[in-house]
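Participant: Input file: model30.cif. Contents: mmCIF, C-alpha atoms.
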```
data_start
#
loop_
_atom_site.group_PDB
_atom_site.id
_atom_site.type_symbol
_atom_site.label_atom_id
_atom_site.label_comp_id
_atom_site.auth_asym_id
_atom_site.auth_seq_id
_atom_site.Cartn_x
_atom_site.Cartn_y
_atom_site.Cartn_z
ATOM 1 C CA MET A 1 -164.337 -191.904 103.388
ATOM 2 C CA ASN A 2 -163.953 -191.762 99.618
ATOM 3 C CA TYR A 3 -166.896 -189.653 98.436
ATOM 4 C CA SER A 4 -166.666 -190.519 94.739
ATOM 5 C CA GLN A 5 -166.956 -194.234 95.579
ATOM 6 C CA TYR A 6 -170.366 -193.703 97.170
ATOM 7 C CA LYS A 7 -171.487 -190.809 94.974
ATOM 8 C CA ASN A 8 -173.959 -192.850 92.898
ATOM 9 C CA TYR A 9 -175.586 -194.306 96.018
ATOM 10 C CA ILE A 10 -175.795 -190.873 97.670
ATOM 11 C CA ASN A 11 -177.335 -189.352 94.519
ATOM 12 C CA ALA A 12 -179.848 -192.209 94.249
ATOM 13 C CA GLY A 13 -180.738 -191.657 97.924
ATOM 14 C CA ILE A 14 -181.206 -187.907 97.352
ATOM 15 C CA PHE A 15 -183.413 -188.554 94.292
ATOM 16 C CA ILE A 16 -185.635 -191.055 96.113
ATOM 17 C CA GLY A 17 -185.801 -188.622 99.048
ATOM 18 C CA SER A 18 -186.990 -185.784 96.791
ATOM 19 C CA ILE A 19 -189.644 -188.055 95.173
ATOM 20 C CA LEU A 20 -190.922 -189.080 98.619
ATOM 21 C CA LEU A 21 -190.940 -185.428 99.774
ATOM 22 C CA THR A 22 -193.004 -184.494 96.695
ATOM 23 C CA ARG A 23 -195.463 -187.329 97.376
ATOM 24 C CA LEU A 24 -195.649 -186.307 101.041
ATOM 25 C CA SER A 25 -196.371 -182.692 100.082
ATOM 26 C CA THR A 26 -199.764 -183.778 98.639
ATOM 27 C CA MET A 27 -200.873 -185.218 101.987
ATOM 28 C CA VAL A 28 -199.830 -182.592 104.558
ATOM 29 C CA SER A 29 -200.923 -179.064 105.529
ATOM 30 C CA PRO A 30 -200.225 -176.190 103.062
ATOM 31 C CA THR A 31 -197.258 -174.793 105.060
ATOM 32 C CA LEU A 32 -195.585 -178.188 105.298
ATOM 33 C CA ALA A 33 -196.390 -178.830 101.621
ATOM 34 C CA TYR A 34 -194.544 -175.597 100.694
ATOM 35 C CA ALA A 35 -191.548 -176.649 102.807
ATOM 36 C CA CYS A 36 -191.437 -180.181 101.311
ATOM 37 C CA THR A 37 -191.710 -178.858 97.743
ATOM 38 C CA ILE A 38 -188.975 -176.229 98.234
ATOM 39 C CA ILE A 39 -186.600 -178.765 99.862
ATOM 40 C CA SER A 40 -187.281 -181.168 96.979
ATOM 41 C CA ILE A 41 -186.525 -178.382 94.443
ATOM 42 C CA ILE A 42 -183.194 -177.625 96.182
ATOM 43 C CA LEU A 43 -182.202 -181.323 96.241
ATOM 44 C CA LEU A 44 -183.102 -181.819 92.567
ATOM 45 C CA SER A 45 -181.237 -178.623 91.544
ATOM 46 C CA TYR A 46 -178.124 -179.987 93.292
ATOM 47 C CA LEU A 47 -178.500 -183.312 91.449
ATOM 48 C CA LEU A 48 -178.971 -181.636 88.061
ATOM 49 C CA ILE A 49 -176.000 -179.285 88.539
ATOM 50 C CA SER A 50 -173.831 -182.225 89.565
ATOM 51 C CA LEU A 51 -174.982 -184.218 86.496
ATOM 52 C CA VAL A 52 -174.295 -181.341 84.065
ATOM 53 C CA TYR A 53 -170.874 -180.837 85.715
ATOM 54 C CA ASP A 54 -170.149 -184.553 85.223
ATOM 55 C CA ILE A 55 -171.131 -184.427 81.554
ATOM 56 C CA TYR A 56 -169.202 -181.224 80.793
ATOM 57 C CA TYR A 57 -166.084 -181.299 82.954
ATOM 58 C CA THR A 58 -165.244 -184.594 84.605
ATOM 59 C CA LYS A 59 -166.558 -186.628 81.600
ATOM 60 C CA ASN A 60 -167.406 -189.210 84.223
ATOM 61 C CA THR A 61 -170.490 -190.408 82.338
ATOM 62 C CA TYR A 62 -171.077 -192.875 79.512
ATOM 63 C CA TYR A 63 -172.543 -190.153 77.313
ATOM 64 C CA SER A 64 -169.941 -189.447 74.616
ATOM 65 C CA ARG A 65 -171.732 -186.927 72.370
ATOM 66 C CA PRO A 66 -171.929 -183.163 73.077
ATOM 67 C CA LEU A 67 -174.575 -182.024 75.567
ATOM 68 C CA ARG A 68 -176.276 -179.892 72.897
ATOM 69 C CA ASN A 69 -177.477 -183.112 71.182
ATOM 70 C CA LEU A 70 -179.726 -183.643 74.199
ATOM 71 C CA LEU A 71 -181.222 -180.164 74.041
ATOM 72 C CA PRO A 72 -183.859 -180.440 71.230
ATOM 73 C CA SER A 73 -185.513 -183.586 72.614
ATOM 74 C CA GLY A 74 -185.087 -182.277 76.178
ATOM 75 C CA LEU A 75 -186.824 -179.039 75.199
ATOM 76 C CA ILE A 76 -189.746 -180.917 73.567
ATOM 77 C CA PHE A 77 -190.028 -183.066 76.698
ATOM 78 C CA PHE A 78 -189.994 -179.964 78.942
ATOM 79 C CA LEU A 79 -192.641 -178.119 76.874
ATOM 80 C CA GLY A 80 -194.785 -181.269 76.763
ATOM 81 C CA LEU A 81 -194.695 -181.461 80.537
ATOM 82 C CA LEU A 82 -195.747 -177.824 80.928
ATOM 83 C CA ALA A 83 -198.574 -178.467 78.436
ATOM 84 C CA LEU A 84 -199.741 -181.433 80.536
ATOM 85 C CA ARG A 85 -199.763 -179.256 83.682
ATOM 86 C CA TRP A 86 -201.815 -176.664 81.773
ATOM 87 C CA LEU A 87 -204.229 -179.385 80.615
ATOM 88 C CA GLN A 88 -204.738 -180.496 84.205
ATOM 89 C CA GLY A 89 -205.574 -176.887 85.143
ATOM 90 C CA TYR A 90 -202.672 -176.573 87.626
ATOM 91 C CA PHE A 91 -200.293 -174.445 85.549
ATOM 92 C CA LEU A 92 -199.664 -171.068 87.315
ATOM 93 C CA ARG A 93 -202.974 -171.347 89.234
ATOM 94 C CA SER A 94 -201.484 -170.355 92.610
ATOM 95 C CA SER A 95 -198.002 -169.815 94.061
ATOM 96 C CA TYR A 96 -197.985 -173.399 95.386
ATOM 97 C CA GLU A 97 -198.853 -174.758 91.931
ATOM 98 C CA ILE A 98 -195.927 -172.768 90.458
ATOM 99 C CA PHE A 99 -193.554 -174.444 92.929
ATOM 100 C CA ALA A 100 -195.143 -177.849 92.218
ATOM 101 C CA THR A 101 -194.729 -177.303 88.458
ATOM 102 C CA ILE A 102 -191.031 -176.412 88.916
ATOM 103 C CA ASN A 103 -190.561 -179.450 91.154
ATOM 104 C CA LEU A 104 -192.215 -181.927 88.775
ATOM 105 C CA THR A 105 -190.326 -180.445 85.823
ATOM 106 C CA LEU A 106 -187.030 -180.892 87.683
ATOM 107 C CA ILE A 107 -187.904 -184.518 88.536
ATOM 108 C CA THR A 108 -188.608 -185.430 84.899
ATOM 109 C CA THR A 109 -185.633 -183.438 83.568
ATOM 110 C CA TYR A 110 -183.333 -185.302 85.950
ATOM 111 C CA VAL A 111 -184.792 -188.705 84.994
ATOM 112 C CA TYR A 112 -184.416 -187.798 81.307
ATOM 113 C CA ALA A 113 -180.832 -186.484 81.592
ATOM 114 C CA TYR A 114 -179.719 -189.345 83.881
ATOM 115 C CA SER A 115 -181.129 -192.009 81.579
ATOM 116 C CA TYR A 116 -179.308 -190.437 78.606
ATOM 117 C CA ALA A 117 -176.043 -189.892 80.473
ATOM 118 C CA TYR A 118 -175.775 -193.239 82.286
ATOM 119 C CA ILE A 119 -178.486 -195.780 81.528
ATOM 120 C CA ALA A 120 -179.071 -195.669 77.718
ATOM 121 C CA PRO A 121 -175.341 -195.845 76.734
ATOM 122 C CA ARG A 122 -174.812 -198.774 79.144
ATOM 123 C CA VAL A 123 -177.817 -200.636 77.723
ATOM 124 C CA LYS A 124 -176.594 -200.007 74.141
ATOM 125 C CA GLN A 125 -173.091 -201.180 75.139
ATOM 126 C CA TYR A 126 -174.552 -204.327 76.725
ATOM 127 C CA PHE A 127 -176.643 -205.214 73.660
ATOM 128 C CA GLY A 128 -173.722 -204.401 71.345
ATOM 129 C CA LYS A 129 -171.476 -206.809 73.285
ATOM 130 C CA ASN A 130 -174.170 -209.502 73.224
ATOM 131 C CA LYS A 131 -174.524 -209.137 69.440
ATOM 132 C CA GLN A 132 -170.744 -209.410 69.016
ATOM 133 C CA ASN A 133 -170.606 -212.532 71.194
ATOM 134 C CA ASN A 134 -173.449 -214.128 69.222
ATOM 135 C CA SER A 135 -171.754 -213.409 65.883
ATOM 136 C CA ASP A 136 -168.447 -214.846 67.221
ATOM 137 C CA MET Z 1 -216.084 -190.271 50.911
ATOM 138 C CA ASN Z 2 -212.403 -190.570 49.983
ATOM 139 C CA TYR Z 3 -209.946 -188.124 51.483
ATOM 140 C CA THR Z 4 -206.508 -187.211 50.166
ATOM 141 C CA SER Z 5 -203.590 -187.705 52.586
ATOM 142 C CA LYS Z 6 -203.330 -183.927 53.085
ATOM 143 C CA GLN Z 7 -207.020 -183.712 54.031
ATOM 144 C CA LYS Z 8 -206.552 -186.680 56.385
ATOM 145 C CA ASN Z 9 -203.668 -184.884 58.108
ATOM 146 C CA TYR Z 10 -205.827 -181.791 58.669
ATOM 147 C CA ILE Z 11 -208.699 -183.911 60.027
ATOM 148 C CA HIS Z 12 -206.330 -185.728 62.424
ATOM 149 C CA ALA Z 13 -204.827 -182.431 63.584
ATOM 150 C CA ALA Z 14 -208.338 -181.052 64.201
ATOM 151 C CA ILE Z 15 -209.360 -184.193 66.157
ATOM 152 C CA PHE Z 16 -206.200 -183.946 68.292
ATOM 153 C CA ALA Z 17 -206.796 -180.231 68.959
ATOM 154 C CA GLY Z 18 -210.430 -181.017 69.824
ATOM 155 C CA SER Z 19 -209.460 -183.708 72.317
ATOM 156 C CA VAL Z 20 -206.882 -181.398 73.948
ATOM 157 C CA ILE Z 21 -209.486 -178.619 74.276
ATOM 158 C CA LEU Z 22 -212.007 -181.110 75.743
ATOM 159 C CA THR Z 23 -209.426 -182.169 78.353
ATOM 160 C CA ARG Z 24 -208.599 -178.553 79.238
ATOM 161 C CA PHE Z 25 -212.288 -177.639 79.630
ATOM 162 C CA SER Z 26 -213.006 -180.717 81.716
ATOM 163 C CA ALA Z 27 -210.649 -179.334 84.406
ATOM 164 C CA SER Z 28 -213.001 -176.392 85.031
ATOM 165 C CA LEU Z 29 -216.455 -177.942 84.521
ATOM 166 C CA PRO Z 30 -218.953 -179.635 86.872
ATOM 167 C CA ALA Z 31 -218.126 -183.267 87.710
ATOM 168 C CA PHE Z 32 -220.639 -185.011 85.432
ATOM 169 C CA ILE Z 33 -219.757 -182.984 82.303
ATOM 170 C CA ALA Z 34 -216.047 -183.331 83.151
ATOM 171 C CA HIS Z 35 -216.448 -187.133 83.117
ATOM 172 C CA ILE Z 36 -218.148 -187.016 79.697
ATOM 173 C CA CYS Z 37 -215.513 -184.622 78.252
ATOM 174 C CA THR Z 38 -212.652 -186.811 79.496
ATOM 175 C CA ILE Z 39 -214.198 -190.012 78.105
ATOM 176 C CA GLY Z 40 -214.949 -188.266 74.775
ATOM 177 C CA SER Z 41 -211.377 -186.993 74.547
ATOM 178 C CA THR Z 42 -209.971 -190.486 75.267
ATOM 179 C CA VAL Z 43 -212.199 -192.053 72.576
ATOM 180 C CA LEU Z 44 -211.008 -189.450 70.023
ATOM 181 C CA LEU Z 45 -207.372 -190.182 70.911
ATOM 182 C CA LEU Z 46 -207.932 -193.930 70.557
ATOM 183 C CA TYR Z 47 -209.417 -193.313 67.105
ATOM 184 C CA LEU Z 48 -206.311 -191.253 66.217
ATOM 185 C CA SER Z 49 -203.931 -193.984 67.347
ATOM 186 C CA ILE Z 50 -205.336 -196.598 64.888
ATOM 187 C CA PRO Z 51 -203.871 -195.111 61.642
ATOM 188 C CA VAL Z 52 -200.477 -194.555 63.316
ATOM 189 C CA VAL Z 53 -200.218 -198.191 64.398
ATOM 190 C CA TYR Z 54 -201.344 -199.285 60.897
ATOM 191 C CA ASP Z 55 -198.704 -197.075 59.230
ATOM 192 C CA MET Z 56 -195.987 -198.276 61.602
ATOM 193 C CA TYR Z 57 -196.650 -201.965 61.017
ATOM 194 C CA HIS Z 58 -197.060 -201.636 57.247
ATOM 195 C CA ARG Z 59 -193.730 -199.800 57.022
ATOM 196 C CA LYS Z 60 -195.254 -196.601 55.669
ATOM 197 C CA THR Z 61 -192.775 -194.619 57.764
ATOM 198 C CA THR Z 62 -189.000 -194.556 58.164
ATOM 199 C CA ALA Z 63 -189.277 -194.477 61.987
ATOM 200 C CA ASP Z 64 -187.750 -197.451 63.812
ATOM 201 C CA GLN Z 65 -190.579 -199.511 65.375
ATOM 202 C CA GLY Z 66 -188.473 -200.843 68.246
ATOM 203 C CA THR Z 67 -187.156 -197.412 69.295
ATOM 204 C CA VAL Z 68 -190.611 -195.799 69.175
ATOM 205 C CA LEU Z 69 -192.114 -198.654 71.211
ATOM 206 C CA ARG Z 70 -189.344 -198.594 73.866
ATOM 207 C CA ASN Z 71 -189.461 -194.804 74.248
ATOM 208 C CA THR Z 72 -193.270 -194.867 74.427
ATOM 209 C CA LEU Z 73 -193.141 -197.398 77.260
ATOM 210 C CA LEU Z 74 -190.591 -195.219 79.083
ATOM 211 C CA LEU Z 75 -192.783 -192.142 78.577
ATOM 212 C CA VAL Z 76 -195.891 -193.940 79.892
ATOM 213 C CA SER Z 77 -194.067 -195.166 82.995
ATOM 214 C CA ILE Z 78 -192.649 -191.668 83.718
ATOM 215 C CA LEU Z 79 -196.122 -190.138 83.324
ATOM 216 C CA LEU Z 80 -197.720 -192.701 85.649
ATOM 217 C CA VAL Z 81 -195.026 -192.062 88.269
ATOM 218 C CA LEU Z 82 -195.651 -188.307 87.934
ATOM 219 C CA ARG Z 83 -199.402 -188.795 88.460
ATOM 220 C CA TRP Z 84 -198.610 -190.852 91.579
ATOM 221 C CA VAL Z 85 -196.205 -188.167 92.836
ATOM 222 C CA GLU Z 86 -198.918 -185.534 92.297
ATOM 223 C CA GLY Z 87 -201.310 -187.653 94.368
ATOM 224 C CA HIS Z 88 -203.863 -188.166 91.565
ATOM 225 C CA PHE Z 89 -202.988 -191.692 90.439
ATOM 226 C CA LEU Z 90 -206.017 -194.009 90.916
ATOM 227 C CA GLY Z 91 -207.371 -191.695 93.667
ATOM 228 C CA ASN Z 92 -210.998 -191.964 92.453
ATOM 229 C CA PHE Z 93 -212.822 -192.851 89.228
ATOM 230 C CA TYR Z 94 -212.337 -189.389 87.712
ATOM 231 C CA ASP Z 95 -208.597 -189.462 88.525
ATOM 232 C CA ILE Z 96 -208.306 -192.828 86.719
ATOM 233 C CA LEU Z 97 -210.067 -191.373 83.650
ATOM 234 C CA VAL Z 98 -207.795 -188.294 83.678
ATOM 235 C CA THR Z 99 -204.681 -190.469 84.052
ATOM 236 C CA ILE Z 100 -205.715 -192.544 81.004
ATOM 237 C CA ASN Z 101 -206.588 -189.400 79.043
ATOM 238 C CA LEU Z 102 -203.341 -187.510 79.796
ATOM 239 C CA THR Z 103 -201.266 -190.611 79.041
ATOM 240 C CA ALA Z 104 -203.113 -191.017 75.724
ATOM 241 C CA ILE Z 105 -202.466 -187.349 74.816
ATOM 242 C CA ALA Z 106 -198.731 -187.622 75.570
ATOM 243 C CA VAL Z 107 -198.386 -190.956 73.733
ATOM 244 C CA CYS Z 108 -200.295 -189.655 70.685
ATOM 245 C CA ALA Z 109 -198.148 -186.495 70.534
ATOM 246 C CA TYR Z 110 -194.925 -188.495 70.926
ATOM 247 C CA VAL Z 111 -195.815 -191.180 68.369
ATOM 248 C CA TYR Z 112 -197.065 -188.660 65.770
ATOM 249 C CA LEU Z 113 -193.858 -186.672 66.223
ATOM 250 C CA HIS Z 114 -191.638 -189.709 65.692
ATOM 251 C CA VAL Z 115 -193.675 -191.510 63.020
ATOM 252 C CA TYR Z 116 -194.707 -188.591 60.803
ATOM 253 C CA ILE Z 117 -193.139 -185.230 61.700
ATOM 254 C CA ILE Z 118 -189.443 -186.078 62.335
ATOM 255 C CA PRO Z 119 -189.101 -188.366 59.213
ATOM 256 C CA TYR Z 120 -190.792 -185.627 57.138
ATOM 257 C CA LEU Z 121 -188.400 -182.952 58.490
ATOM 258 C CA LYS Z 122 -185.366 -185.204 57.890
ATOM 259 C CA ASP Z 123 -186.539 -185.877 54.341
ATOM 260 C CA TYR Z 124 -187.120 -182.152 53.743
ATOM 261 C CA VAL Z 125 -183.653 -181.184 55.055
ATOM 262 C CA SER Z 126 -181.868 -183.860 52.975
ATOM 263 C CA LYS Z 127 -183.821 -182.819 49.832
ATOM 264 C CA SER Z 128 -182.923 -179.145 50.275
ATOM 265 C CA LYS Z 129 -179.269 -180.115 50.906
ATOM 266 C CA ARG Z 130 -179.213 -182.152 47.689
ATOM 267 C CA SER Z 131 -180.753 -179.308 45.671
ATOM 268 C CA ASP Z 132 -178.152 -176.883 47.158
ATOM 269 C CA ASP Z 133 -175.336 -179.261 46.182
ATOM 270 C CA SER Z 134 -176.662 -179.664 42.630
ATOM 271 C CA ASN Z 135 -176.988 -175.860 42.286
ATOM 272 C CA GLN Z 136 -173.347 -175.403 43.320
#
```
Please lay out the structure from this file as structure tokens.

Facilitator:
Amino acid sequence: MNYSQYKNYINAGIFIGSILLTRLSTMVSPTLAYACTIISIILLSYLLISLVYDIYYTKNTYYSRPLRNLLPSGLIFFLGLLALRWLQGYFLRSSYEIFATINLTLITTYVYAYSYAYIAPRVKQYFGKNKQNNSD
Amino acid sequence: MNYTSKQKNYIHAAIFAGSVILTRFSASLPAFIAHICTIGSTVLLLYLSIPVVYDMYHRKTTADQGTVLRNTLLLVSILLVLRWVEGHFLGNFYDILVTINLTAIAVCAYVYLHVYIIPYLKDYVSKSKRSDDSNQ
């Protein structure tokens, strides 16, 4: 089986799995909630590491600019998320809330990085091509 | 009473800070007062959003309308998904109010950043570059 051929599907499956685990963790007993949140954190860490590796080394993404261009807006996004958790009164309230904060931060960071690395450049490319075709 | 633009900026900053503090306090207050604080904070944020929309549509900013609108929609959808993942999305009436309030805070912060703060910083950096060049 060629792994790279199915990599995008596997990663999408892992991401959906981690989202469902996070949602499930709000409906089950505290011990199970801990387990779900920690498994989700591990899955999301794997996805993020694999994405950063793709951007830096394999260059297998559509993102052509250096990764540091993503950092200022990513940092604002990250701080904004922590501020929202603080506003809700969940930030560092208990050990479970710390895990939940890490988990939710990882989810949004992955969505943000993935949309910049794969989705936004493709959309720009698509609209650029359409414009060219219209002008032709 | 007529305010200068500098005074207006201070008043808007104070209103934003007030609404954020109201939201933070509502997380640790009895239910009835929490409802009032959340509604008050949302009303303040709605009042803040009017001048931004006016400035955007009368081209009083260098920010690109389309980009700000697209990114705001993306931000709102990510925030709503996060509230669902946390298990607080449309759970009860108070959860609905908090969802609206937190979304309004994030949107206000994002739009202010892109409509006023980033163009101002860009302008400041280019002015200081030009003055450095002329000095050399």

Participant: Atom CA of His114 of chain Z and atom CA of Tyr90 of chain A, how far apart in Å?

Facilitator: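 If I compute the distance from atom CA of Tyr90 of chain A to atom CA of His114 of chain Z, I get 27.8 Å.
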
Participant: Give me the result of the PyMOL selection byres ((chain Z) within 10 of (chain A)) on this file, residue by residue, as an MDAnalysis selection string.

Facilitator: chainID Z and resid 20:28 74:75 78:79 81:88 98:99 102:103 105:106 109:110

Participant: Which value, in Å to one decimal, gives the distance between atom CA of Ile38 of chain A and atom CA of Ser95 of chain A?

Facilitator: 11.8 Å

Participant: Mind giving me the straight-line distance from atom CA of Tyr116 of chain Z to atom CA of Thr61 of chain Z in Å, one decimal?

Facilitator: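 Result for atom CA of Tyr116 of chain Z versus atom CA of Thr61 of chain Z: 7.0 Å, one decimal.
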